[in-house]
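In what follows, a structure is listed as structure tokens, so that the remarks can point back to it.
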Amino acid sequence: MKFEDEWKRIKELGYYGSFLFAGMANDWRSTVASHFKTSTLQRPCYGVYVVRQRKTGEVIYVGKSGTMRQDGSFKPQDLEKRLVNREKGQIRQVIFGERVVRFGELLIEYVVLKDSSIIPGYLEARLLQAYYDEFNQLPPDNASL
């Protein structure tokens with residue numbers, strides 16, 4: 001299965017949105033906050049996201065927001081919080097600043113799920129499996145699964 005085909009199927013499960021980031025590391029939080037402030041999404045919102053190099057469309061990272069507990073409820077970190085919290089032990093401002101240096105302007109795409117019975121981790125795994133099937137590796141910034 002091709003990654004773009006799987007991404008298209010997942011987009012049908014919820015609200016699709018995107019924004020660009022080309023700034024320095026300390027602009028990341030304000031970029032994310034500004035995007036979600038103007039959004040009409042109901043909070044909290046959970047789903048999956050894809051970080052791409054804008055110029056080529058290359059997928060750099062696939063992630064999720066919404067860790068589901070055993071009872072079906074979600075931990076409190078929704079999409080906006082996930083995008084600004086830590087990754088690989090570092091604050092996201094540093095991570096996204098480094099990505100801009102390495103890849104240039106970034107396109108951050110996301111799908112917020114309409115149905116809370118769908119586990120975001122399942123969709124993240126589907127996307128990573130499709131990427132792996134197509135390229136025999138994970139995206140450059142997905143260190144493991």
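Order determines the names: the first chain of the structure tokens is A, the second B, and so forth; residues in each chain are numbered 1 upward, and ligands are numbered 1 upward as they are shown.
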Please extract the residues of chain A with a backbone DSSP assignment of alpha helix (DSSP H) and present them as a ChimeraX atom specification. /A:3-11,28-37,79-84,92-103,120-135
What's around Ser117 of chain A at 10 Å? Count only C-alpha atoms, leave out sequence neighbours fewer than 4 positions away in its own chain, and write the answer as a PyMOL selection string. chain A and resi 68+72-73+113
For the residues selected in the previous step, produce a file with N, CA and C atoms as a PDB file, in the first residue's frame.
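Result went into part_12.pdb, see below:
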```pdb
ATOM      1  N   MET A  68      -4.658   6.759  24.389  1.00  0.00           N
ATOM      2  CA  MET A  68      -5.876   6.240  24.999  1.00  0.00           C
ATOM      3  C   MET A  68      -5.535   5.399  26.223  1.00  0.00           C
ATOM      4  N   GLY A  72     -10.705   3.737  27.792  1.00  0.00           N
ATOM      5  CA  GLY A  72     -11.194   4.397  26.582  1.00  0.00           C
ATOM      6  C   GLY A  72     -11.117   5.907  26.615  1.00  0.00           C
ATOM      7  N   SER A  73     -10.741   6.470  27.753  1.00  0.00           N
ATOM      8  CA  SER A  73     -10.570   7.921  27.823  1.00  0.00           C
ATOM      9  C   SER A  73      -9.171   8.287  27.323  1.00  0.00           C
ATOM     10  N   LEU A 113      -9.784  13.403  14.535  1.00  0.00           N
ATOM     11  CA  LEU A 113     -10.795  12.359  14.374  1.00  0.00           C
ATOM     12  C   LEU A 113     -12.174  12.811  14.857  1.00  0.00           C
TER      13      LEU A 113
END
```
From the DSSP assignment of the backbone, select every residue of chain A that is strand (DSSP E or B), and format the answer as a PyMOL selection string. chain A and resi 14-21+47-53+59-65+68+74+86-87+90-91+106-113
All residues 7 Å or closer to Phe3 of chain A, only C-alpha atoms, same chain fewer than 6 positions away omitted, as a list in words: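 Surrounding residues, per the criterion: Leu127, Ala130, Tyr131 and Glu134 of chain A.
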Counting only C-alpha atoms, closest pick from A:Lys64, A:Lys2, A:Arg102, A:Lys114 relative to Asn142 of chain A is A:Lys64
Considering only C-alpha atoms, tabulate each residue of segment 46-143 of chain A that lies at most 8 Å from segment 7-22 of chain A along with its nearest interatomic pair and the corresponding distance in Å to one decimal; arrange the rows by chain and ascending residue number and present them as a tab-separated table.
```
residue	atom	partner	partner_atom	distance
A:Arg54	CA	A:Leu20	CA	8.0
A:Val100	CA	A:Ala22	CA	6.2
A:Gly104	CA	A:Ala22	CA	6.7
A:Glu105	CA	A:Ala22	CA	4.4
A:Leu106	CA	A:Phe21	CA	5.1
A:Leu107	CA	A:Leu20	CA	4.7
A:Ile108	CA	A:Ser18	CA	5.4
A:Glu109	CA	A:Ser18	CA	4.2
A:Tyr110	CA	A:Gly17	CA	5.4
A:Val111	CA	A:Tyr16	CA	4.5
A:Val112	CA	A:Tyr15	CA	5.1
A:Leu113	CA	A:Gly14	CA	4.3
A:Lys114	CA	A:Gly14	CA	4.8
A:Asp115	CA	A:Leu13	CA	7.6
A:Leu123	CA	A:Ile10	CA	7.4
A:Leu127	CA	A:Trp7	CA	6.8
```
Quick one: distance from atom CA of Ala143 of chain A to atom CA of His35 of chain A in Å, one decimal?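 Atom CA of His35 of chain A lies 27.2 Å from atom CA of Ala143 of chain A.
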Proximity of segment 5-70 of chain A to segment 74-95 of chain A: per-residue shortest pair, 8 Å limit, only C-alpha atoms, as a Markdown table:
```
| residue | atom | partner | partner_atom | distance |
| --- | --- | --- | --- | --- |
| A:Ala25 | CA | A:Gln93 | CA | 4.7 |
| A:Asn26 | CA | A:Gln93 | CA | 5.9 |
| A:Asp27 | CA | A:Gln93 | CA | 7.5 |
| A:Trp28 | CA | A:Gln93 | CA | 5.4 |
| A:Arg29 | CA | A:Val84 | CA | 6.0 |
| A:Val32 | CA | A:Glu80 | CA | 6.8 |
| A:Ala33 | CA | A:Glu80 | CA | 7.4 |
| A:Phe36 | CA | A:Glu80 | CA | 7.0 |
| A:Arg43 | CA | A:Asp78 | CA | 7.9 |
| A:Pro44 | CA | A:Asp78 | CA | 5.6 |
| A:Cys45 | CA | A:Asp78 | CA | 5.4 |
| A:Tyr46 | CA | A:Asp78 | CA | 5.4 |
| A:Gly47 | CA | A:Leu79 | CA | 6.9 |
| A:Lys64 | CA | A:Leu79 | CA | 7.7 |
| A:Ser65 | CA | A:Leu79 | CA | 5.0 |
| A:Gly66 | CA | A:Asp78 | CA | 5.8 |
| A:Thr67 | CA | A:Lys75 | CA | 5.6 |
| A:Met68 | CA | A:Phe74 | CA | 4.5 |
| A:Arg69 | CA | A:Phe74 | CA | 5.8 |
```
Just want the 12 Å neighbourhood of Pro139 of chain A, counted on only C-alpha atoms, with same-chain residues fewer than 2 positions away dropped. Output as a list in words.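 Contacts, in chain order: Phe3, Val50, Val51, Arg52, Gln53, Glu58, Val59, Ile60, Tyr61, Val62, Gly63, Leu127, Leu128, Gln129, Ala130, Tyr131, Tyr132, Asp133, Glu134, Phe135, Asn136, Gln137, Asp141, Asn142, Ala143, Ser144 and Leu145 of chain A.
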Could you turn the residues from that selection into a file that holds N, CA and C atoms, as a compact mmCIF listing (two decimals), in the first residue's frame?
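Below you can see out_29.txt, which holds the result:
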```
# COMPACT_ATOMS: atom_id res chain seq x y z
N PHE A 3 1.84 5.17 0.81
CA PHE A 3 1.61 6.09 1.93
C PHE A 3 0.51 7.09 1.59
N VAL A 50 1.31 14.62 10.04
CA VAL A 50 2.43 14.32 9.15
C VAL A 50 3.20 15.62 8.94
N VAL A 51 4.52 15.54 9.12
CA VAL A 51 5.40 16.68 8.86
C VAL A 51 6.10 16.40 7.54
N ARG A 52 6.02 17.37 6.62
CA ARG A 52 6.62 17.21 5.29
C ARG A 52 7.58 18.35 4.98
N GLN A 53 8.51 18.06 4.11
CA GLN A 53 9.30 19.12 3.50
C GLN A 53 8.38 19.76 2.47
N GLU A 58 8.23 15.47 0.70
CA GLU A 58 8.79 14.31 1.40
C GLU A 58 8.27 14.26 2.83
N VAL A 59 7.85 13.08 3.25
CA VAL A 59 7.40 12.88 4.63
C VAL A 59 8.63 12.79 5.52
N ILE A 60 8.66 13.62 6.55
CA ILE A 60 9.78 13.67 7.48
C ILE A 60 9.44 12.95 8.78
N TYR A 61 8.19 13.08 9.22
CA TYR A 61 7.79 12.53 10.51
C TYR A 61 6.29 12.25 10.51
N VAL A 62 5.90 11.16 11.16
CA VAL A 62 4.50 10.82 11.37
C VAL A 62 4.29 10.70 12.87
N GLY A 63 3.26 11.36 13.39
CA GLY A 63 3.00 11.30 14.82
C GLY A 63 1.51 11.26 15.12
N LEU A 127 -0.15 4.44 9.04
CA LEU A 127 0.65 5.33 8.19
C LEU A 127 2.12 4.89 8.14
N LEU A 128 2.67 4.55 9.28
CA LEU A 128 4.07 4.12 9.30
C LEU A 128 4.25 2.80 8.56
N GLN A 129 3.28 1.90 8.65
CA GLN A 129 3.36 0.64 7.91
C GLN A 129 3.31 0.90 6.41
N ALA A 130 2.43 1.79 5.98
CA ALA A 130 2.34 2.12 4.55
C ALA A 130 3.64 2.75 4.06
N TYR A 131 4.23 3.63 4.87
CA TYR A 131 5.51 4.25 4.50
C TYR A 131 6.58 3.17 4.40
N TYR A 132 6.62 2.29 5.39
CA TYR A 132 7.61 1.22 5.39
C TYR A 132 7.42 0.29 4.18
N ASP A 133 6.18 -0.06 3.88
CA ASP A 133 5.91 -0.92 2.72
C ASP A 133 6.43 -0.30 1.42
N GLU A 134 6.30 1.01 1.32
CA GLU A 134 6.69 1.71 0.11
C GLU A 134 8.19 1.98 0.03
N PHE A 135 8.82 2.32 1.15
CA PHE A 135 10.21 2.78 1.12
C PHE A 135 11.20 1.88 1.88
N ASN A 136 10.72 0.81 2.51
CA ASN A 136 11.57 -0.11 3.27
C ASN A 136 12.30 0.53 4.44
N GLN A 137 11.76 1.58 4.96
CA GLN A 137 12.30 2.28 6.13
C GLN A 137 11.22 3.18 6.69
N ASP A 141 12.71 11.19 10.56
CA ASP A 141 12.69 11.57 11.96
C ASP A 141 11.87 10.65 12.86
N ASN A 142 11.38 9.55 12.32
CA ASN A 142 10.75 8.52 13.15
C ASN A 142 11.83 7.50 13.48
N ALA A 143 12.38 7.61 14.67
CA ALA A 143 13.53 6.78 15.06
C ALA A 143 13.14 5.32 15.29
N SER A 144 11.91 5.08 15.71
CA SER A 144 11.49 3.71 15.98
C SER A 144 9.97 3.67 16.02
N LEU A 145 9.46 2.46 16.13
CA LEU A 145 8.02 2.27 16.26
C LEU A 145 7.78 1.25 17.33
```
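The interatomic distance for the pair atom CA of Glu98 of chain A and atom CA of Thr31 of chain A works out to 15.5 Å.
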